[in-house]
Amino acid sequence: MNCIIVDDEPLAREVLEMLVDESAALTLSGCFNGALQAMEFLKAHPVDLIFLDIRMPKISGLEFARLVAGETLIIFTTAYTEYAIESYEIDAIDYLVKPVEPVRFAKAVEKAVAYHELLKGEKKAGIELVEDDHIFVKADRRYFKVNLADILFIEGLKDYSILQCSTQRIITRMNLKNVSGLLPSSQFLRVNKSYIVNTRHIESFDNNDIFIGKYEIAIGASYRDHFFESFVTRRKKDNYRRQRSSYNHGQSNFYLPAKWFKHPKRGLSPERRSCLVRGNAQWYSESLSSPRRRGPHRKCPF
């Protein structure tokens, strides 16, 4: 992959240049101390990857990244962590915090190479059919079935979307907004400008990030309220409904108060009383000819 370095700090450029030289996957095409010089270079020399600083004079890295067209990938390199979420909204491949560690640099390059191969590959797919629990993706004149349960998350990259599944990645010729409209909102949530997550694979989360296996996905500021309202609140409501359903339909084991056994108007037969005494919550209501309900607050088939 051909790459350039854009950073106004000489020492930072030297460190990145050394790391690029050590990477077999990268070829350095140039180093620049500002966005204006880099823009002039890119007009005549397109590159695959840009290592881009954020805080620079005249034109910031964020502003410059919005001007980069085509399939050029961007890895931000900065000493400031507060721009991480905004970098995802510009479809950056990765975000490296200075001083850049070689291991972290290698991981970012590996990710960039993988995405570059996907974008340059001939078998770019499109989502053709959407069913209740799966979708059909067209690639190489064939339709491939992808179960929704196998999708961990979907990442937007320029005009493409990448489906990250349990065992594979699939790139589609659709932007993230169009993909989002095809998926069930009860299962998939958009958490920032570049990511849609499958809520059934969320292992943990905090106010800023979601963790799915080895992946860490930032929650965008403009999406945070929607995430907590749609995911957390909905989970609480679903749990409450399941608990009520368990109570009403005998899905869980529990004991009724003793007054249900003693009240003369309850009409408990010996068989029903035996069932309750054993603590068995299977009421065998299907065998009862006329189950009785006592008021809106107490539902009992006996």
# chains A, B, ... in the order shown; residues from 1 in each chain; ligands from 1
call {"tool": "residues_around", "arguments": {"residues": "Arg200 (chain A)", "least_positions_apart": "3", "cutoff": "9 Å", "atoms": "only C-alpha atoms", "output": "mmCIF file with all heavy atoms, in the first residue's frame"}}
result
data_model
loop_
_atom_site.group_PDB
_atom_site.id
_atom_site.type_symbol
_atom_site.label_atom_id
_atom_site.label_comp_id
_atom_site.auth_asym_id
_atom_site.auth_seq_id
_atom_site.Cartn_x
_atom_site.Cartn_y
_atom_site.Cartn_z
ATOM 1 N N ALA A 149 -28.216 -13.476 12.995
ATOM 2 C CA ALA A 149 -27.597 -13.796 14.286
ATOM 3 C C ALA A 149 -26.083 -13.896 14.191
ATOM 4 O O ALA A 149 -25.382 -13.752 15.197
ATOM 5 C CB ALA A 149 -28.172 -15.107 14.826
ATOM 6 N N LEU A 152 -22.000 -9.577 13.785
ATOM 7 C CA LEU A 152 -21.603 -8.926 15.037
ATOM 8 C C LEU A 152 -21.892 -7.429 14.971
ATOM 9 O O LEU A 152 -22.495 -6.869 15.877
ATOM 10 C CB LEU A 152 -20.120 -9.161 15.311
ATOM 11 C CG LEU A 152 -19.659 -10.620 15.394
ATOM 12 C CD1 LEU A 152 -18.163 -10.686 15.671
ATOM 13 C CD2 LEU A 152 -20.431 -11.373 16.451
ATOM 14 N N GLN A 187 -33.247 -5.448 16.705
ATOM 15 C CA GLN A 187 -32.022 -6.225 16.891
ATOM 16 C C GLN A 187 -30.761 -5.418 16.588
ATOM 17 O O GLN A 187 -29.715 -5.651 17.197
ATOM 18 C CB GLN A 187 -32.054 -7.468 16.002
ATOM 19 C CG GLN A 187 -30.892 -8.417 16.178
ATOM 20 C CD GLN A 187 -31.048 -9.691 15.364
ATOM 21 O OE1 GLN A 187 -32.107 -9.936 14.797
ATOM 22 N NE2 GLN A 187 -30.009 -10.503 15.299
ATOM 23 N N PHE A 188 -30.849 -4.444 15.678
ATOM 24 C CA PHE A 188 -29.671 -3.693 15.258
ATOM 25 C C PHE A 188 -29.844 -2.221 15.606
ATOM 26 O O PHE A 188 -30.890 -1.629 15.333
ATOM 27 C CB PHE A 188 -29.434 -3.856 13.756
ATOM 28 C CG PHE A 188 -29.011 -5.238 13.357
ATOM 29 C CD1 PHE A 188 -29.952 -6.218 13.073
ATOM 30 C CD2 PHE A 188 -27.664 -5.577 13.270
ATOM 31 C CE1 PHE A 188 -29.575 -7.498 12.710
ATOM 32 C CE2 PHE A 188 -27.271 -6.842 12.906
ATOM 33 C CZ PHE A 188 -28.219 -7.821 12.635
ATOM 34 N N VAL A 197 -24.564 -1.997 15.459
ATOM 35 C CA VAL A 197 -24.219 -3.190 16.226
ATOM 36 C C VAL A 197 -25.434 -4.104 16.357
ATOM 37 O O VAL A 197 -26.581 -3.649 16.367
ATOM 38 C CB VAL A 197 -23.690 -2.835 17.637
ATOM 39 C CG1 VAL A 197 -22.449 -1.967 17.542
ATOM 40 C CG2 VAL A 197 -24.762 -2.146 18.471
ATOM 41 N N GLU A 203 -21.544 -7.711 24.792
ATOM 42 C CA GLU A 203 -21.108 -8.382 26.010
ATOM 43 C C GLU A 203 -21.039 -7.431 27.193
ATOM 44 O O GLU A 203 -21.300 -7.827 28.330
ATOM 45 C CB GLU A 203 -19.739 -9.035 25.785
ATOM 46 C CG GLU A 203 -19.768 -10.135 24.727
ATOM 47 C CD GLU A 203 -18.409 -10.767 24.512
ATOM 48 O OE1 GLU A 203 -17.430 -10.312 25.156
ATOM 49 O OE2 GLU A 203 -18.311 -11.714 23.702
#
call {"tool": "select_by_dssp", "arguments": {"residues": "region 22-100 of chain A", "states": "strand (DSSP E or B)", "output": "VMD selection string"}}
result
chain A and resid 27 to 32 49 to 52 73 to 78 94 to 97
call {"tool": "write_last_selection", "arguments": {"atoms": "C-alpha atoms", "output": "mmCIF file, in the first residue's frame"}}
result
data_model
loop_
_atom_site.group_PDB
_atom_site.id
_atom_site.type_symbol
_atom_site.label_atom_id
_atom_site.label_comp_id
_atom_site.auth_asym_id
_atom_site.auth_seq_id
_atom_site.Cartn_x
_atom_site.Cartn_y
_atom_site.Cartn_z
ATOM 1 C CA THR A 27 5.517 2.014 0.823
ATOM 2 C CA LEU A 28 6.104 5.615 1.844
ATOM 3 C CA SER A 29 5.366 8.090 -0.940
ATOM 4 C CA GLY A 30 5.973 11.317 0.968
ATOM 5 C CA CYS A 31 6.002 13.275 4.241
ATOM 6 C CA PHE A 32 4.314 16.661 4.670
ATOM 7 C CA LEU A 49 -3.395 5.325 3.093
ATOM 8 C CA ILE A 50 -2.751 8.577 4.982
ATOM 9 C CA PHE A 51 -1.278 8.846 8.477
ATOM 10 C CA LEU A 52 -2.827 12.126 9.526
ATOM 11 C CA LEU A 73 -7.988 5.198 3.933
ATOM 12 C CA ILE A 74 -7.077 7.368 6.920
ATOM 13 C CA ILE A 75 -5.372 6.567 10.221
ATOM 14 C CA PHE A 76 -5.306 9.491 12.640
ATOM 15 C CA THR A 77 -2.186 10.027 14.750
ATOM 16 C CA THR A 78 -2.562 12.551 17.559
ATOM 17 C CA ASP A 94 -8.019 3.708 13.190
ATOM 18 C CA TYR A 95 -6.944 6.246 15.787
ATOM 19 C CA LEU A 96 -3.396 6.145 17.159
ATOM 20 C CA VAL A 97 -2.430 8.136 20.246
#
call {"tool": "residues_around", "arguments": {"residues": "Leu62 (chain A)", "least_positions_apart": "4", "cutoff": "9 Å", "atoms": "only C-alpha atoms", "output": "ChimeraX atom specification"}}
result
/A:52-55,66,76,83,86-87,90
call {"tool": "residues_around", "arguments": {"residues": "region 133-136 of chain A", "least_positions_apart": "2", "cutoff": "6 Å", "atoms": "only C-alpha atoms", "output": "short mmCIF file (atom, residue, chain, number, x, y, z; two decimals) with N, CA and C atoms, in the first residue's frame"}}
result
data_model
loop_
_atom_site.label_atom_id
_atom_site.label_comp_id
_atom_site.auth_asym_id
_atom_site.auth_seq_id
_atom_site.Cartn_x
_atom_site.Cartn_y
_atom_site.Cartn_z
N GLU A 128 -29.50 -8.14 -1.36
CA GLU A 128 -30.60 -8.25 -2.32
C GLU A 128 -31.93 -8.58 -1.65
N LEU A 129 -31.92 -9.54 -0.72
CA LEU A 129 -33.17 -9.99 -0.10
C LEU A 129 -33.02 -9.97 1.41
N VAL A 130 -34.06 -9.53 2.10
CA VAL A 130 -34.05 -9.48 3.56
C VAL A 130 -35.24 -10.27 4.08
N GLU A 131 -34.97 -11.26 4.91
CA GLU A 131 -36.02 -12.07 5.53
C GLU A 131 -36.04 -11.79 7.03
N TYR A 143 -26.16 -15.88 -4.86
CA TYR A 143 -26.76 -15.34 -3.66
C TYR A 143 -26.31 -16.17 -2.47
N PHE A 144 -25.76 -15.49 -1.47
CA PHE A 144 -25.27 -16.17 -0.28
C PHE A 144 -26.13 -15.79 0.92
N LYS A 145 -26.52 -16.79 1.67
CA LYS A 145 -27.36 -16.57 2.84
C LYS A 145 -26.49 -16.20 4.04
N VAL A 146 -26.86 -15.11 4.71
CA VAL A 146 -26.17 -14.67 5.92
C VAL A 146 -27.20 -14.53 7.03
N ASN A 147 -27.06 -15.32 8.07
CA ASN A 147 -27.99 -15.23 9.19
C ASN A 147 -27.74 -13.94 9.97
N LEU A 148 -28.82 -13.27 10.34
CA LEU A 148 -28.68 -12.04 11.11
C LEU A 148 -27.99 -12.29 12.45
#
call {"tool": "residues_around", "arguments": {"residues": "Asp206 (chain A)", "least_positions_apart": "6", "cutoff": "12 Å", "atoms": "only C-alpha atoms", "output": "list in words"}}
result
Glu216, Ile217, Ala218, Ile219, Arg224, Phe227, Phe228 and Val232 of chain A
call {"tool": "closest_atom_pairs", "arguments": {"of": "region 175-226 of chain A", "to": "region 155-167 of chain A", "cutoff": "10 Å", "atoms": "only C-alpha atoms", "output": "CSV"}}
result
residue,atom,partner,partner_atom,distance
A:Asn175,CA,A:Asp159,CA,4.8
A:Leu176,CA,A:Gly156,CA,5.2
A:Lys177,CA,A:Gly156,CA,8.7
A:Asn178,CA,A:Ser161,CA,9.4
A:Val179,CA,A:Ser161,CA,7.6
A:Arg190,CA,A:Glu155,CA,9.9
A:Asn192,CA,A:Glu155,CA,9.8
A:Lys193,CA,A:Gly156,CA,7.8
A:Ser194,CA,A:Gly156,CA,4.7
A:Tyr195,CA,A:Glu155,CA,4.7
A:Ile196,CA,A:Glu155,CA,6.6
A:Val197,CA,A:Glu155,CA,8.6
A:Gly213,CA,A:Ser166,CA,9.9
call {"tool": "select_by_dssp", "arguments": {"residues": "region 136-226 of chain A", "states": "helix (DSSP H, G or I)", "output": "PyMOL selection string"}}
result
chain A and resi 148-150+176-182+199-201+224-226
call {"tool": "write_last_selection", "arguments": {"atoms": "all heavy atoms", "output": "short mmCIF file (atom, residue, chain, number, x, y, z; two decimals), in the first residue's frame"}}
result
data_model
loop_
_atom_site.label_atom_id
_atom_site.label_comp_id
_atom_site.auth_asym_id
_atom_site.auth_seq_id
_atom_site.Cartn_x
_atom_site.Cartn_y
_atom_site.Cartn_z
N LEU A 148 -28.82 -13.27 10.34
CA LEU A 148 -28.68 -12.04 11.11
C LEU A 148 -27.99 -12.29 12.45
O LEU A 148 -27.26 -11.43 12.95
CB LEU A 148 -30.07 -11.41 11.35
CG LEU A 148 -30.82 -10.95 10.10
CD1 LEU A 148 -32.15 -10.34 10.50
CD2 LEU A 148 -30.00 -9.95 9.30
N ALA A 149 -28.22 -13.48 13.00
CA ALA A 149 -27.60 -13.80 14.29
C ALA A 149 -26.08 -13.90 14.19
O ALA A 149 -25.38 -13.75 15.20
CB ALA A 149 -28.17 -15.11 14.83
N ASP A 150 -25.55 -14.13 12.98
CA ASP A 150 -24.10 -14.26 12.80
C ASP A 150 -23.41 -12.91 12.62
O ASP A 150 -22.18 -12.83 12.68
CB ASP A 150 -23.79 -15.14 11.60
CG ASP A 150 -24.22 -16.59 11.81
OD1 ASP A 150 -24.32 -16.99 12.99
OD2 ASP A 150 -24.47 -17.28 10.82
N LEU A 176 -24.03 3.00 4.84
CA LEU A 176 -24.54 2.51 6.12
C LEU A 176 -26.00 2.91 6.35
O LEU A 176 -26.77 2.16 6.95
CB LEU A 176 -23.67 3.04 7.26
CG LEU A 176 -23.72 2.26 8.57
CD1 LEU A 176 -23.23 0.84 8.37
CD2 LEU A 176 -22.89 2.96 9.64
N LYS A 177 -26.40 4.06 5.85
CA LYS A 177 -27.78 4.51 6.03
C LYS A 177 -28.75 3.58 5.33
O LYS A 177 -29.81 3.21 5.89
CB LYS A 177 -27.93 5.94 5.50
CG LYS A 177 -29.33 6.50 5.67
CD LYS A 177 -29.41 7.93 5.15
CE LYS A 177 -30.82 8.49 5.30
NZ LYS A 177 -30.91 9.89 4.80
N ASN A 178 -28.44 3.16 4.12
CA ASN A 178 -29.33 2.26 3.38
C ASN A 178 -29.36 0.87 4.02
O ASN A 178 -30.41 0.23 4.07
CB ASN A 178 -28.87 2.16 1.93
CG ASN A 178 -29.08 3.46 1.17
OD1 ASN A 178 -29.94 4.26 1.52
ND2 ASN A 178 -28.28 3.67 0.13
N VAL A 179 -28.21 0.40 4.50
CA VAL A 179 -28.18 -0.90 5.17
C VAL A 179 -29.01 -0.86 6.43
O VAL A 179 -29.76 -1.80 6.75
CB VAL A 179 -26.73 -1.30 5.49
CG1 VAL A 179 -26.69 -2.57 6.34
CG2 VAL A 179 -25.94 -1.52 4.21
N SER A 180 -28.91 0.23 7.17
CA SER A 180 -29.67 0.36 8.42
C SER A 180 -31.17 0.26 8.18
O SER A 180 -31.90 -0.32 8.99
CB SER A 180 -29.33 1.70 9.09
OG SER A 180 -30.09 1.89 10.26
N GLY A 181 -31.65 0.80 7.06
CA GLY A 181 -33.07 0.74 6.77
C GLY A 181 -33.58 -0.65 6.44
O GLY A 181 -34.79 -0.89 6.49
N LEU A 182 -32.68 -1.57 6.12
CA LEU A 182 -33.09 -2.93 5.77
C LEU A 182 -33.11 -3.88 6.97
O LEU A 182 -33.70 -4.96 6.88
CB LEU A 182 -32.13 -3.50 4.71
CG LEU A 182 -32.11 -2.78 3.36
CD1 LEU A 182 -31.03 -3.40 2.47
CD2 LEU A 182 -33.46 -2.86 2.67
N THR A 199 -27.35 -6.00 18.81
CA THR A 199 -27.48 -5.89 20.27
C THR A 199 -27.40 -7.25 20.97
O THR A 199 -27.07 -7.31 22.14
CB THR A 199 -28.79 -5.20 20.64
OG1 THR A 199 -29.90 -5.95 20.09
CG2 THR A 199 -28.83 -3.79 20.08
N ARG A 200 -27.67 -8.32 20.25
CA ARG A 200 -27.62 -9.64 20.87
C ARG A 200 -26.20 -10.13 21.10
O ARG A 200 -25.99 -11.14 21.78
CB ARG A 200 -28.40 -10.64 20.01
CG ARG A 200 -29.88 -10.28 19.88
CD ARG A 200 -30.65 -11.26 19.03
NE ARG A 200 -32.04 -10.84 18.86
CZ ARG A 200 -32.94 -11.47 18.13
NH1 ARG A 200 -32.59 -12.57 17.47
NH2 ARG A 200 -34.17 -11.02 18.03
N HIS A 201 -25.23 -9.43 20.53
CA HIS A 201 -23.83 -9.81 20.72
C HIS A 201 -23.10 -8.87 21.67
O HIS A 201 -21.90 -9.05 21.90
CB HIS A 201 -23.10 -9.85 19.38
CG HIS A 201 -23.47 -11.01 18.51
ND1 HIS A 201 -23.07 -12.31 18.78
CD2 HIS A 201 -24.22 -11.08 17.38
CE1 HIS A 201 -23.55 -13.13 17.86
NE2 HIS A 201 -24.25 -12.40 17.00
N ARG A 224 -25.95 8.53 21.85
CA ARG A 224 -25.90 7.94 23.19
C ARG A 224 -27.29 7.81 23.81
O ARG A 224 -27.66 6.75 24.34
CB ARG A 224 -24.98 8.77 24.09
CG ARG A 224 -24.79 8.16 25.48
CD ARG A 224 -23.74 8.90 26.28
NE ARG A 224 -22.41 8.67 25.74
CZ ARG A 224 -21.69 9.59 25.12
NH1 ARG A 224 -22.17 10.80 24.95
NH2 ARG A 224 -20.49 9.31 24.66
N ASP A 225 -28.08 8.88 23.76
CA ASP A 225 -29.42 8.82 24.36
C ASP A 225 -30.28 7.78 23.68
O ASP A 225 -31.04 7.05 24.34
CB ASP A 225 -30.10 10.20 24.27
CG ASP A 225 -29.43 11.23 25.18
OD1 ASP A 225 -28.70 10.81 26.10
OD2 ASP A 225 -29.64 12.44 24.95
N HIS A 226 -30.19 7.71 22.36
CA HIS A 226 -30.99 6.71 21.63
C HIS A 226 -30.57 5.29 22.00
O HIS A 226 -31.42 4.41 22.15
CB HIS A 226 -30.83 6.93 20.13
CG HIS A 226 -31.54 5.91 19.30
ND1 HIS A 226 -32.91 5.80 19.23
CD2 HIS A 226 -31.05 4.92 18.49
CE1 HIS A 226 -33.24 4.81 18.43
NE2 HIS A 226 -32.13 4.25 17.97
#
call {"tool": "closest_residue", "arguments": {"among": "A:Val113, A:Ala79, A:Leu67, A:Glu89", "to": "Asp48 (chain A)", "atoms": "only C-alpha atoms"}}
result
A:Val113
call {"tool": "closest_atom_pairs", "arguments": {"of": "region 7-27 of chain A", "to": "region 100-111 of chain A", "cutoff": "9 Å", "atoms": "only C-alpha atoms", "output": "tab-separated table"}}
result
residue	atom	partner	partner_atom	distance
A:Ala12	CA	A:Val100	CA	8.9
A:Val15	CA	A:Val100	CA	8.1
A:Leu16	CA	A:Val100	CA	8.0
A:Leu19	CA	A:Pro102	CA	6.9
A:Ser23	CA	A:Ala106	CA	7.7
A:Ala25	CA	A:Val109	CA	7.9
A:Leu26	CA	A:Val109	CA	8.3
call {"tool": "write_last_selection", "arguments": {"atoms": "N, CA and C atoms", "output": "compact mmCIF listing (two decimals), in the first residue's frame"}}
result
# COMPACT_ATOMS: atom_id res chain seq x y z
N ALA A 12 7.48 13.64 15.27
CA ALA A 12 6.40 12.69 15.01
C ALA A 12 6.51 12.11 13.61
N VAL A 15 9.28 9.42 13.64
CA VAL A 15 8.86 8.17 14.26
C VAL A 15 7.96 7.37 13.31
N LEU A 16 6.99 8.04 12.71
CA LEU A 16 6.10 7.35 11.78
C LEU A 16 6.84 6.84 10.55
N LEU A 19 8.51 3.66 11.46
CA LEU A 19 7.56 2.55 11.57
C LEU A 19 7.08 2.08 10.20
N SER A 23 7.54 -1.76 8.07
CA SER A 23 6.36 -2.52 7.67
C SER A 23 6.50 -2.98 6.22
N ALA A 25 4.19 -4.14 4.43
CA ALA A 25 2.96 -3.89 3.67
C ALA A 25 2.86 -2.46 3.16
N LEU A 26 3.75 -1.57 3.60
CA LEU A 26 3.62 -0.15 3.28
C LEU A 26 4.80 0.35 2.45
call {"tool": "atom_distance", "arguments": {"atom1": "CA of Lys58 (chain A)", "atom2": "CA of Met1 (chain A)"}}
result
28.3 Å
call {"tool": "closest_residue", "arguments": {"among": "A:Val47, A:Val68, A:Arg142, A:Val20", "to": "Ala35 (chain A)", "atoms": "only C-alpha atoms"}}
result
A:Val68
call {"tool": "atom_distance", "arguments": {"atom1": "CA of Pro57 (chain A)", "atom2": "CA of Met39 (chain A)"}}
result
14.3 Å
call {"tool": "residues_around", "arguments": {"residues": "Gly34 (chain A)", "least_positions_apart": "5", "cutoff": "7 Å", "atoms": "only C-alpha atoms", "output": "PDB file with N, CA and C atoms, in the first residue's frame"}}
result
ATOM      1  N   VAL A   6       1.232  13.021   7.194  1.00  0.00           N
ATOM      2  CA  VAL A   6       0.925  14.449   7.286  1.00  0.00           C
ATOM      3  C   VAL A   6       0.927  14.830   8.759  1.00  0.00           C
ATOM      4  N   ASP A   7       1.943  15.579   9.182  1.00  0.00           N
ATOM      5  CA  ASP A   7       2.088  15.952  10.588  1.00  0.00           C
ATOM      6  C   ASP A   7       2.986  17.182  10.666  1.00  0.00           C
ATOM      7  N   ASP A   8       2.603  18.147  11.487  1.00  0.00           N
ATOM      8  CA  ASP A   8       3.396  19.372  11.583  1.00  0.00           C
ATOM      9  C   ASP A   8       4.550  19.258  12.582  1.00  0.00           C
ATOM     10  N   MET A  56      -3.302  20.773  13.419  1.00  0.00           N
ATOM     11  CA  MET A  56      -2.302  21.362  12.539  1.00  0.00           C
ATOM     12  C   MET A  56      -2.737  22.780  12.173  1.00  0.00           C
TER      13      MET A  56
END
call {"tool": "atom_distance", "arguments": {"atom1": "CA of Ser222 (chain A)", "atom2": "CA of Tyr88 (chain A)"}}
result
12.7 Å
call {"tool": "closest_residue", "arguments": {"among": "A:Tyr223, A:Ile5, A:Asn207, A:Phe231", "to": "Ser186 (chain A)", "atoms": "only C-alpha atoms"}}
result
A:Phe231
